[in-house]
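Down below is the structure, laid out as structure tokens.
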Amino acid sequence: MHLLVCGGTGCRASASDSIVESLKQELENKGLSDEVQVIMTGCFGFCEKGPIVKVLPDNTFYVEVKHEDAVEIVDEHVIKGRQVKRLLYQDPEKKQSISDSKHMDFYKKQIRIALRNCGFIDPENVDEYIGRDGYMALGKCINEMTPQDVIKEIKDSGLRGRGGGGFPTGLKWEIASKNNADQKYVVCNADEGDPGAFMDRSILEGDPHAVLEAMAICGYATNASKGLIYIRAEYPLAIKRLKIAIDQAREYGLLGKNIFGSDFEFDVELRYGAGAFVCGEETALIHSMEGLRGEPTIKPPYPAEKGYLGKPTNVNNVETFANIPVIINKGANWFNKIGTEKSKGTKVFALAGKINNVGLIEVPMGTTLREVIFEIGGGIKDGKKFKAVQTGGPSGGCLTEKHLDTPIDFDNLIAAGSMMGSGGMIVMDEDDCMVSVAKFYLDFTVEESCGKCSPCRIGNKRLYELLDQITQGKATMDDLQRLRNMCEVIKDTSLCGLGQTSPNPILSTLDNFWDEYVAHIKDHKCPAGQCKDLMKYVVIEENCVGCTACVRVCPVGAISGEKKQPHYIDPSNCIKCGACIERCKFDAIIVK
Amino acid sequence: MEKVKLTIDNKQIEVEKGTTIYKAAKQLGIDIPVLCYMNLEDLGIENKPGGCRICVVEVEGRKNLAPSCSTEVWDGMVVNTHSMRVINARRTVMEFILSDHPKDCLTCAKSGNCELQDMAVKLGIREVPGQEYAEMSEYKIDFSPSLIRDLDKCIMCRRCEMMCNEFQTVGALSAFNRGFEAAVGPAFEMDIEYSPCTYCGQCVAVCPTGALTEKDHTRDVINALADPTKTVVVQTAPAVRAALGEEFGLEAGTRVTGEMVAALRRLGFDYVFDTDFAADLTIMEEGTELLDRLTKHLNGDKEVKLPILTSCCPAWVSFFEHNFPEMMDVPSSARSPQQMFGSIAKTYFADKIEVKREDLVVVSIMPCLAKKYEAQRDEFKVDGNPDVDFSISTRELAHLIKEANLDLKTLPKEEFDTPLGESTGAGVIFGATGGVIEAATRTAYELHTGKKLEDIDFKQLRGLEGIRKATVDFEGTPINIGIAHGLGNARKLLEDIKAGKSEFHAIEIMSCPGGCIGGGGQPLHHSDSGILKARMKAIYEEDADKPIRKSHDNPYIIKLYEEFLGKPMSEKAHHLLHTCYFDKSRKVEIS
Amino acid sequence: MSHIKVKIKEKDLNTIKQICKSFNNEPKELINVLHKTQEHFGYLPAEIQEVVAQELNVPVAKVYGVVTFYSFFTMLPKGKHPVSICTGTACYVRGADNVLQEFKRQLGIEVGETTEDGEFSLSCLRCVGACGLAPVVLVGDKTYGRVAPDGVKAIIDEYKK
């Protein structure tokens, strides 16, 4: 019997490691340590209900487990074979508990390729990876396939880069393989920087060997003997597990010289990012690995010709790599049957925001937004109304009701004015102001622009400032015209992908929420009630009993009035902190 | 070379593969506006970060606009450099740049000579929308002895960073911060004075805006000229006369020596002298030192240090003080011509005209900004009074002349005053890379061999290559000469010396591209290397026209030694004309 | 002006030298060196950068250029209890900004600052990957999920002396 405890970052933040300890302790107390293994796995994906504990072989899926539940799990489930009902997942609609995750709406529509091992294996134990066909694909490549065969297989699979651009992976490998050099490199881009995306992290934490194996396969296909993983320094757990994985792989001869007894040699090193979103761009990433400022340079030359230290370099992201071993094992023809015509396979999304089931999901390309949000995601939190879903992070756009039935793939999202990006998916409800959302993303871009090219360095700042004017009700309708023009020029003239896509959150909200912009400008109103500068706190005289509680709590002395007389809020002093509303027992203060 | 055909603005052209759109368009006479891009052809100096995005053009089939400075052409490419999409983009980008740029053009040192200003004119910018609430990046202004940095005006073209790091390998400047806050400056935003800066001024020479300018000393000069108690003498460096005319609309390479003398006299200088005189003097001292070391070396003295390196260039002096303190005994101890002049003017000449040292003001006109710093070095002061009071650049002189309502073009040609105004062709060629060593060779040859030189043009020492090598036959003794311009090239030669691999007996080093003609104080070349070449040509023409072309033949030099100094390297000469160097490297100390 | 002196304790100097040496004093390892150095000293003040520059033979201006480019590197010492508020999108839409404002108010410092007693410093970070717990706050290594403004005081109190 196995007890799998989620060791993803979300669950660990909810102290899942203490659950492991308690379970182990309890098993030891009961003398069951030898029969029952407690394993800390990678992310199960269902972060909303974490920490999660799964019992094998019966697949019981316990949610929101606390360390004090360990006694009951051991006593009841392990010893007596009875499920702990209160820890089972409750289907919100049918109001019944579900014990096997595959019957839950959250998991039903998912197909897990990149996440295949996350939540199933102990990521710190190479044997468990091998036990699930790990390193079989690498062996198959080296023993049965030529590098050209491998490239052909990847090309036939139709796999496209999961980091955002969607460039065909096989083609990229082919270009890198054709450039001759004494040294070539394979780089794994694990500098996941989209705010609200954490799929790469989960893969690295939950299945590090999958990435190492894929990099070695890429090395074999492109004739590169060195691999580098560029990983965010903010991901300590992923770094730790990668280090363990690299050591184990070396020990097993899966990395290093004479892999599988062949002449093929490949080893992997880690390089650390240091907090620069722009380093997701491959030329910037390479400069960063060279110890320089992470500024992008003009392509061509592409990294495949002149990359790390001037040598041909193939850069793929984590999720792309995670697909590779499966494609080799199951064949291109298996893989390319999943998905849509031009986007094959699956995509991992980090589902977050105002949604019931926050978590990490993997669905076939072509799944609709509606399926993702309302079936897998369980709909909008607190019964609110769906307003928009943001995909593609700061490079993407906000999609609306009318896009809900669009099958998700690279091209459809671009056609709809957004993009796949790395897979962040943030759901918004009626309380979210779309101008503010656009401003939020521009704030991010302004902070993360490297500053090399003027449209991105200055233009994005100007976009942010103009959005700020709009949210303060100080803009004119002409400014909206100017806003759009600035957006288009920045897209058209920026040096790298960061600036070329940074206006997307504005353009998509201008397209889809034009009325909301107009309301800020013409009516000086924020329909979502979020823009503080456009709010006014007023006293409803009929309700006010003149208790003076609000006067006492107001931090800036903006409220005045005689005892037992209706009070008055001076709008020029009010800082809209909301303290008075909280204090008033008579619902006498409202926001207009 | 493989050729490709393309169409730019409906015109067909065939160019070499690998050409950029910008260069291909240029061949068609289409001048695509560029801002950050800079190319000094034949000098191997190119800056193309593709950062300003002003030079964008529309390429058929391409999703976004292409930066023409760094996009290579391909066969069948169709380019439009002025579609409305391009023009709108260019204007909008320019508005962005201007929205983060101060609007104090009236009092900006670069006004009238500013590439950003010119671009605003060209693109017809009339307003910067949203300026009322546009935040501007702000930094403190940094005043140093030679240059002023006002980063509020930096547009991140990165030219200065490229010059400082790639061409000069000084490494005083780097881009710092990120995004809107990014700018180029020294570490920790310290004053440049505390950085390894050599004041070569190449950052100023390439800056397209008023972010980097010289420290202006014209007001000091005006005050000195206005003071009736002061006798003011002026010395003009050789490279000035080959470039000053450009400021007055004359074609590059026009020599204006006589007109310049006339202008200086009309400005009220009491004596108009020539740094070339001091250049001749430098040859006497440096050449003698070279011969001295060489003779000892040939006689088997293992102690003597060879090669000997020239020391005329103050930025070069700072460079080895910062970077090669362990090799301070390698360069010649001879002071630079500017300082030799100041020293002689305030002793020999002051005595002659019976003016007290403190009442004599020495002004130098230099193509150089490091000279400002050099003039302020403590070792060149006597009781706090500097040998050279003020050093102003060619550009500053042009301002003074214009301010005095003088038109250089219509002035008569006049002669320098004597005794410190007489010079030879050898002194003149100090202004171009290779010139100092050629001048030294002319003298050293005759002194060493006792024979008269038949052909004094050592053409093998001339040119624009970064590092040049030549062997001159001193009647059976082959003398290996090395020449470098640009401190990056100098560094390579120094590393060789350090490693004991140097094959040279003597090396000339100049910091600026082309030597002093490309100095940081010269009229701005705006990335046209043709200007540098024309100035170089003018220098050699001036040399060829001189009746005397060897320093040791200068009658006033001979007289100076007879009347005052004795002989080269005499004790007096040592005291007045030589110097020592200081370790300025960064040192880590245990606290 | 004579040469520029950088003062540093011998022990610290040796530590930096050792770190640089462990990366073969290669300029391309600058970022790795800075990571290790910051890990050891907590921050990267000017004198440390000067030593790193000398050891790797890189201009100190370039080292500073790199340090100021990456948000992970800091030239200021952090508080004993560094408070980081996630301002990733998921946290943003779930009210991270209000939480941030409350921390600023309670601690009396702005983002990037440290309290006078050196106990707390405040910073923002982008997505720690715990979106399920949004809004998320980190104090040191400890993660707090679903933080509301009225829960801020309790978090701070946990660390008060």
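Going through the structure tokens in order, the chains are called A, B, and so on, while each chain numbers its residues from 1 and the ligands are numbered from 1 in the order shown.
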Practice problem: For A:Glu541, list every protein, DNA or RNA residue within 12 Å, evaluated using only C-alpha atoms, and leave out those in the same chain fewer than 2 positions away; present the list as number ranges by chain. | Solution: A: 538-539, 543-546, 561, 564-569, 586-590
Practice problem: Up to 9 Å from chain C, what residues of chain B turn up? Count only C-alpha atoms and give them as an MDAnalysis selection string. | Solution: chainID B and resid 165 170:179 182 184:189 194:196 321:322 377:378 582:591
Residues from the last selection, C-alpha atoms, saved as a PDB file, in the first residue's frame:
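After the write, out-v3.pdb holds the following:
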ATOM      1  CA  ASN B 165      34.027  48.858 -23.630  1.00  0.00           C
ATOM      2  CA  VAL B 170      38.155  50.978 -20.419  1.00  0.00           C
ATOM      3  CA  GLY B 171      34.948  49.631 -18.966  1.00  0.00           C
ATOM      4  CA  ALA B 172      33.992  52.785 -17.104  1.00  0.00           C
ATOM      5  CA  LEU B 173      30.480  52.741 -18.525  1.00  0.00           C
ATOM      6  CA  SER B 174      27.815  50.097 -18.606  1.00  0.00           C
ATOM      7  CA  ALA B 175      24.091  49.987 -18.967  1.00  0.00           C
ATOM      8  CA  PHE B 176      22.542  49.766 -15.522  1.00  0.00           C
ATOM      9  CA  ASN B 177      19.013  49.353 -14.169  1.00  0.00           C
ATOM     10  CA  ARG B 178      16.234  47.935 -16.246  1.00  0.00           C
ATOM     11  CA  GLY B 179      13.339  49.199 -18.320  1.00  0.00           C
ATOM     12  CA  ALA B 182      17.821  52.058 -17.558  1.00  0.00           C
ATOM     13  CA  VAL B 184      24.431  54.079 -19.138  1.00  0.00           C
ATOM     14  CA  GLY B 185      26.953  55.114 -16.518  1.00  0.00           C
ATOM     15  CA  PRO B 186      29.705  54.057 -14.130  1.00  0.00           C
ATOM     16  CA  ALA B 187      29.248  51.471 -11.381  1.00  0.00           C
ATOM     17  CA  PHE B 188      26.990  52.465  -8.486  1.00  0.00           C
ATOM     18  CA  GLU B 189      26.141  55.658 -10.369  1.00  0.00           C
ATOM     19  CA  TYR B 194      36.032  57.718  -9.385  1.00  0.00           C
ATOM     20  CA  SER B 195      35.646  55.233 -12.209  1.00  0.00           C
ATOM     21  CA  PRO B 196      38.436  53.879 -14.428  1.00  0.00           C
ATOM     22  CA  GLU B 321      47.912  54.111 -14.607  1.00  0.00           C
ATOM     23  CA  HIS B 322      44.534  52.441 -14.046  1.00  0.00           C
ATOM     24  CA  ARG B 377      46.943  67.208 -12.613  1.00  0.00           C
ATOM     25  CA  ASP B 378      48.827  68.246  -9.501  1.00  0.00           C
ATOM     26  CA  PHE B 582      50.858  57.086 -10.432  1.00  0.00           C
ATOM     27  CA  ASP B 583      49.154  53.824  -9.608  1.00  0.00           C
ATOM     28  CA  LYS B 584      45.441  54.438 -10.020  1.00  0.00           C
ATOM     29  CA  SER B 585      44.250  50.866 -10.055  1.00  0.00           C
ATOM     30  CA  ARG B 586      41.384  49.786  -7.861  1.00  0.00           C
ATOM     31  CA  LYS B 587      42.772  48.131  -4.769  1.00  0.00           C
ATOM     32  CA  VAL B 588      41.028  45.968  -2.286  1.00  0.00           C
ATOM     33  CA  GLU B 589      42.189  46.606   1.234  1.00  0.00           C
ATOM     34  CA  ILE B 590      41.471  44.668   4.372  1.00  0.00           C
ATOM     35  CA  SER B 591      39.598  46.735   6.916  1.00  0.00           C
TER      36      SER B 591
END
Exercise. Could you list, as a ChimeraX atom specification, the residues of chain B having an atom within 9 Å of chain A when counting only C-alpha atoms?
Key: /B:49-54,56,63-67,70-72,85,88-90,92-94,96-97,99-100,129-130,133-135,155-158,175-183
Sort by chain and increasing residue number a table of all residues of chain A within 7 Å of chain C, each with its closest pair of atoms and their distance in Å to one decimal, counting only C-alpha atoms, and write it as JSON lines.
{"residue": "A:Thr9", "atom": "CA", "partner": "C:Ala130", "partner_atom": "CA", "distance": 6.0}
{"residue": "A:Gly10", "atom": "CA", "partner": "C:Ala130", "partner_atom": "CA", "distance": 4.2}
{"residue": "A:Ala13", "atom": "CA", "partner": "C:Thr143", "partner_atom": "CA", "distance": 5.1}
{"residue": "A:Cys47", "atom": "CA", "partner": "C:Gly132", "partner_atom": "CA", "distance": 5.0}
{"residue": "A:Glu48", "atom": "CA", "partner": "C:Gly132", "partner_atom": "CA", "distance": 4.9}
{"residue": "A:Pro195", "atom": "CA", "partner": "C:Gly88", "partner_atom": "CA", "distance": 4.2}
{"residue": "A:Gly196", "atom": "CA", "partner": "C:Thr89", "partner_atom": "CA", "distance": 5.1}
{"residue": "A:Ala197", "atom": "CA", "partner": "C:Gly129", "partner_atom": "CA", "distance": 6.8}
{"residue": "A:Phe198", "atom": "CA", "partner": "C:Gly129", "partner_atom": "CA", "distance": 4.9}
{"residue": "A:Tyr272", "atom": "CA", "partner": "C:Asn32", "partner_atom": "CA", "distance": 6.8}
{"residue": "A:Ala274", "atom": "CA", "partner": "C:Phe72", "partner_atom": "CA", "distance": 5.0}
{"residue": "A:Gly275", "atom": "CA", "partner": "C:Ser71", "partner_atom": "CA", "distance": 5.0}
{"residue": "A:Ala276", "atom": "CA", "partner": "C:Tyr70", "partner_atom": "CA", "distance": 5.6}
{"residue": "A:Glu290", "atom": "CA", "partner": "C:Lys28", "partner_atom": "CA", "distance": 4.5}
{"residue": "A:Gly291", "atom": "CA", "partner": "C:Lys28", "partner_atom": "CA", "distance": 4.4}
{"residue": "A:Leu292", "atom": "CA", "partner": "C:Val66", "partner_atom": "CA", "distance": 6.2}
{"residue": "A:Arg293", "atom": "CA", "partner": "C:Val66", "partner_atom": "CA", "distance": 5.1}
{"residue": "A:Ala352", "atom": "CA", "partner": "C:Ala90", "partner_atom": "CA", "distance": 5.6}
{"residue": "A:Gly353", "atom": "CA", "partner": "C:Ala90", "partner_atom": "CA", "distance": 4.7}
{"residue": "A:Val358", "atom": "CA", "partner": "C:Gly132", "partner_atom": "CA", "distance": 5.2}
{"residue": "A:Gly359", "atom": "CA", "partner": "C:Gly132", "partner_atom": "CA", "distance": 6.2}
{"residue": "A:Ile426", "atom": "CA", "partner": "C:Ala90", "partner_atom": "CA", "distance": 6.4}
Those residues you just picked out, can you put them in a file as a PDB file, in the first residue's frame with N, CA and C atoms?
ATOM      1  N   THR A   9       4.175  22.961  -4.642  1.00  0.00           N
ATOM      2  CA  THR A   9       4.389  24.163  -3.840  1.00  0.00           C
ATOM      3  C   THR A   9       3.146  24.608  -3.095  1.00  0.00           C
ATOM      4  N   GLY A  10       1.988  24.520  -3.781  1.00  0.00           N
ATOM      5  CA  GLY A  10       0.745  24.938  -3.140  1.00  0.00           C
ATOM      6  C   GLY A  10       0.457  24.123  -1.892  1.00  0.00           C
ATOM      7  N   ALA A  13       2.846  24.673   0.882  1.00  0.00           N
ATOM      8  CA  ALA A  13       2.543  25.924   1.577  1.00  0.00           C
ATOM      9  C   ALA A  13       1.472  25.697   2.625  1.00  0.00           C
ATOM     10  N   CYS A  47      -5.128  22.098  -6.860  1.00  0.00           N
ATOM     11  CA  CYS A  47      -4.593  22.935  -5.789  1.00  0.00           C
ATOM     12  C   CYS A  47      -5.687  23.504  -4.888  1.00  0.00           C
ATOM     13  N   GLU A  48      -6.839  23.744  -5.489  1.00  0.00           N
ATOM     14  CA  GLU A  48      -7.937  24.326  -4.731  1.00  0.00           C
ATOM     15  C   GLU A  48      -8.256  23.488  -3.492  1.00  0.00           C
ATOM     16  N   PRO A 195       3.126  35.918 -14.625  1.00  0.00           N
ATOM     17  CA  PRO A 195       2.483  35.941 -13.315  1.00  0.00           C
ATOM     18  C   PRO A 195       1.213  35.108 -13.395  1.00  0.00           C
ATOM     19  N   GLY A 196       1.151  34.041 -12.662  1.00  0.00           N
ATOM     20  CA  GLY A 196      -0.053  33.218 -12.705  1.00  0.00           C
ATOM     21  C   GLY A 196       0.135  31.957 -13.513  1.00  0.00           C
ATOM     22  N   ALA A 197       1.375  31.593 -13.795  1.00  0.00           N
ATOM     23  CA  ALA A 197       1.615  30.347 -14.500  1.00  0.00           C
ATOM     24  C   ALA A 197       2.624  29.540 -13.700  1.00  0.00           C
ATOM     25  N   PHE A 198       2.324  28.278 -13.480  1.00  0.00           N
ATOM     26  CA  PHE A 198       3.274  27.498 -12.687  1.00  0.00           C
ATOM     27  C   PHE A 198       3.359  26.051 -13.161  1.00  0.00           C
ATOM     28  N   TYR A 272      21.082  29.556 -13.180  1.00  0.00           N
ATOM     29  CA  TYR A 272      19.983  30.186 -12.458  1.00  0.00           C
ATOM     30  C   TYR A 272      19.594  31.534 -13.017  1.00  0.00           C
ATOM     31  N   ALA A 274      17.628  35.153 -12.491  1.00  0.00           N
ATOM     32  CA  ALA A 274      17.719  36.015 -11.321  1.00  0.00           C
ATOM     33  C   ALA A 274      16.601  37.042 -11.295  1.00  0.00           C
ATOM     34  N   GLY A 275      15.462  36.645 -11.855  1.00  0.00           N
ATOM     35  CA  GLY A 275      14.320  37.537 -11.762  1.00  0.00           C
ATOM     36  C   GLY A 275      14.274  38.554 -12.882  1.00  0.00           C
ATOM     37  N   ALA A 276      14.137  38.061 -14.098  1.00  0.00           N
ATOM     38  CA  ALA A 276      13.924  38.957 -15.229  1.00  0.00           C
ATOM     39  C   ALA A 276      13.044  38.215 -16.224  1.00  0.00           C
ATOM     40  N   GLU A 290      25.319  33.638 -20.082  1.00  0.00           N
ATOM     41  CA  GLU A 290      26.716  34.026 -20.304  1.00  0.00           C
ATOM     42  C   GLU A 290      27.200  35.041 -19.271  1.00  0.00           C
ATOM     43  N   GLY A 291      26.362  35.314 -18.297  1.00  0.00           N
ATOM     44  CA  GLY A 291      26.767  36.234 -17.235  1.00  0.00           C
ATOM     45  C   GLY A 291      26.530  37.688 -17.569  1.00  0.00           C
ATOM     46  N   LEU A 292      25.659  37.938 -18.540  1.00  0.00           N
ATOM     47  CA  LEU A 292      25.423  39.323 -18.970  1.00  0.00           C
ATOM     48  C   LEU A 292      24.025  39.777 -18.578  1.00  0.00           C
ATOM     49  N   ARG A 293      23.763  41.053 -18.822  1.00  0.00           N
ATOM     50  CA  ARG A 293      22.402  41.552 -18.685  1.00  0.00           C
ATOM     51  C   ARG A 293      21.520  40.798 -19.676  1.00  0.00           C
ATOM     52  N   ALA A 352      -6.604  29.731 -12.652  1.00  0.00           N
ATOM     53  CA  ALA A 352      -6.633  30.486 -11.395  1.00  0.00           C
ATOM     54  C   ALA A 352      -7.583  31.660 -11.516  1.00  0.00           C
ATOM     55  N   GLY A 353      -7.666  32.416 -10.462  1.00  0.00           N
ATOM     56  CA  GLY A 353      -8.543  33.578 -10.441  1.00  0.00           C
ATOM     57  C   GLY A 353      -9.855  33.263  -9.750  1.00  0.00           C
ATOM     58  N   VAL A 358      -9.307  25.980  -8.588  1.00  0.00           N
ATOM     59  CA  VAL A 358      -7.994  26.457  -9.003  1.00  0.00           C
ATOM     60  C   VAL A 358      -7.064  25.261  -9.095  1.00  0.00           C
ATOM     61  N   GLY A 359      -6.225  25.257 -10.114  1.00  0.00           N
ATOM     62  CA  GLY A 359      -5.289  24.143 -10.191  1.00  0.00           C
ATOM     63  C   GLY A 359      -4.606  24.040 -11.534  1.00  0.00           C
ATOM     64  N   ILE A 426      -6.446  32.964 -16.315  1.00  0.00           N
ATOM     65  CA  ILE A 426      -6.986  33.648 -15.143  1.00  0.00           C
ATOM     66  C   ILE A 426      -8.435  34.036 -15.416  1.00  0.00           C
TER      67      ILE A 426
END
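Looking only at stretch 81-139 of chain C, the set that DSSP places in helix (DSSP H, G or I) from backbone geometry is Thr89, Ala90, Cys91, Tyr92, Val93, Ala96, Asp97, Asn98, Val99, Leu100, Gln101, Glu102, Phe103, Lys104, Arg105, Gln106, Leu107, Cys131, Gly132 and Leu133 of chain C.
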Quiz item: Which polymer residues have any atom within 8 Å of an atom of stretch 27-43 of chain B, counting only C-alpha atoms, with same-chain residues fewer than 2 positions away left out, as a PyMOL selection string?
Solution: chain B and resi 11+13+22-25+45-52+54-55+68-69+81+115-116+119+156-159+208+464-466+513+527-529
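For the atom pair formed by atom CA of B:Glu563 and atom CA of B:Glu438, the distance is 27.5 Å, given to one decimal.
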Set the distance at 10 Å and use only C-alpha atoms: which residues neighbour B:Leu306 once local chain neighbours fewer than 2 positions away are removed? I'd like the list as an mmCIF file with N, CA and C atoms, in the first residue's frame.
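Full text of selection04.cif as output:
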data_model
loop_
_atom_site.group_PDB
_atom_site.id
_atom_site.type_symbol
_atom_site.label_atom_id
_atom_site.label_comp_id
_atom_site.auth_asym_id
_atom_site.auth_seq_id
_atom_site.Cartn_x
_atom_site.Cartn_y
_atom_site.Cartn_z
ATOM 1 N N LEU B 290 64.433 57.359 -26.271
ATOM 2 C CA LEU B 290 64.355 56.132 -27.068
ATOM 3 C C LEU B 290 65.753 55.666 -27.485
ATOM 4 N N ARG B 293 67.733 54.366 -24.479
ATOM 5 C CA ARG B 293 67.351 52.997 -24.087
ATOM 6 C C ARG B 293 67.803 51.983 -25.144
ATOM 7 N N LEU B 294 67.611 52.398 -26.400
ATOM 8 C CA LEU B 294 67.938 51.502 -27.504
ATOM 9 C C LEU B 294 69.433 51.179 -27.535
ATOM 10 N N HIS B 297 70.300 48.925 -24.819
ATOM 11 C CA HIS B 297 69.785 47.584 -25.121
ATOM 12 C C HIS B 297 70.695 46.881 -26.126
ATOM 13 N N LYS B 302 70.728 44.455 -19.859
ATOM 14 C CA LYS B 302 69.483 43.687 -19.659
ATOM 15 C C LYS B 302 68.456 44.461 -18.813
ATOM 16 N N GLU B 303 68.931 45.456 -18.099
ATOM 17 C CA GLU B 303 68.055 46.204 -17.190
ATOM 18 C C GLU B 303 67.082 47.106 -17.949
ATOM 19 N N VAL B 304 67.535 47.551 -19.120
ATOM 20 C CA VAL B 304 66.768 48.578 -19.815
ATOM 21 C C VAL B 304 65.445 48.013 -20.352
ATOM 22 N N ILE B 308 59.946 51.082 -25.746
ATOM 23 C CA ILE B 308 59.569 52.345 -25.133
ATOM 24 C C ILE B 308 58.225 52.751 -25.733
ATOM 25 N N LEU B 309 57.367 53.300 -24.900
ATOM 26 C CA LEU B 309 56.035 53.685 -25.380
ATOM 27 C C LEU B 309 55.885 55.193 -25.303
ATOM 28 N N ASP B 329 57.026 51.867 -15.744
ATOM 29 C CA ASP B 329 58.371 52.253 -16.179
ATOM 30 C C ASP B 329 58.581 51.998 -17.673
ATOM 31 N N VAL B 330 57.554 51.496 -18.342
ATOM 32 C CA VAL B 330 57.706 51.213 -19.765
ATOM 33 C C VAL B 330 57.511 52.466 -20.642
ATOM 34 N N PRO B 331 56.467 53.251 -20.408
ATOM 35 C CA PRO B 331 56.294 54.431 -21.266
ATOM 36 C C PRO B 331 57.391 55.462 -21.018
ATOM 37 N N ILE B 497 53.591 42.778 -24.077
ATOM 38 C CA ILE B 497 54.791 43.222 -23.361
ATOM 39 C C ILE B 497 54.848 42.527 -21.996
ATOM 40 N N SER B 502 56.579 40.801 -26.689
ATOM 41 C CA SER B 502 56.586 41.936 -27.613
ATOM 42 C C SER B 502 57.843 41.940 -28.461
ATOM 43 N N GLU B 503 57.625 42.170 -29.753
ATOM 44 C CA GLU B 503 58.738 42.171 -30.702
ATOM 45 C C GLU B 503 59.253 43.587 -30.967
ATOM 46 N N PHE B 504 58.625 44.581 -30.299
ATOM 47 C CA PHE B 504 58.885 45.966 -30.692
ATOM 48 C C PHE B 504 59.984 46.637 -29.872
ATOM 49 N N HIS B 505 60.597 47.633 -30.543
ATOM 50 C CA HIS B 505 61.520 48.514 -29.832
ATOM 51 C C HIS B 505 60.801 49.766 -29.355
ATOM 52 N N ALA B 506 59.871 50.214 -30.161
ATOM 53 C CA ALA B 506 59.133 51.430 -29.810
ATOM 54 C C ALA B 506 57.688 51.286 -30.257
ATOM 55 N N ILE B 507 56.805 51.832 -29.447
ATOM 56 C CA ILE B 507 55.376 51.747 -29.767
ATOM 57 C C ILE B 507 54.741 53.113 -29.561
#
Quiz item: Could you pull the residues within 6 Å of stretch 507-518 of chain A, counting only C-alpha atoms, minus those fewer than 5 positions along the same chain, as a list in words?
Solution: Gly397, Cys398 and Gly417 of chain A
Practice problem: For A:Leu204, please output as a PyMOL selection string all residues within 8 Å (counting only C-alpha atoms; exclusion window: fewer than 5 positions along the same chain). | Solution: chain A and resi 211+238+241-242+318
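Going from atom CA of A:Ser99 to atom CA of A:Ala15 covers 22.5 Å.
DSSP on the backbone gives strand (DSSP E or B) for these parts of stretch 1-158 of chain C: Lys5, Val6, Lys7, Ile8, His81, Pro82, Val83, Ser84, Ile85, Cys86, Thr114, Phe120, Ser121, Leu122, Ser123, Cys124, Leu125, Val137, Leu138, Val139, Lys142, Thr143 and Tyr144 of chain C.
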Exercise. Could you tell me which of A:Pro555, A:Pro325, A:Pro505, A:Gly166 comes closest to A:Asp443 if we count only C-alpha atoms?
Key: A:Pro505
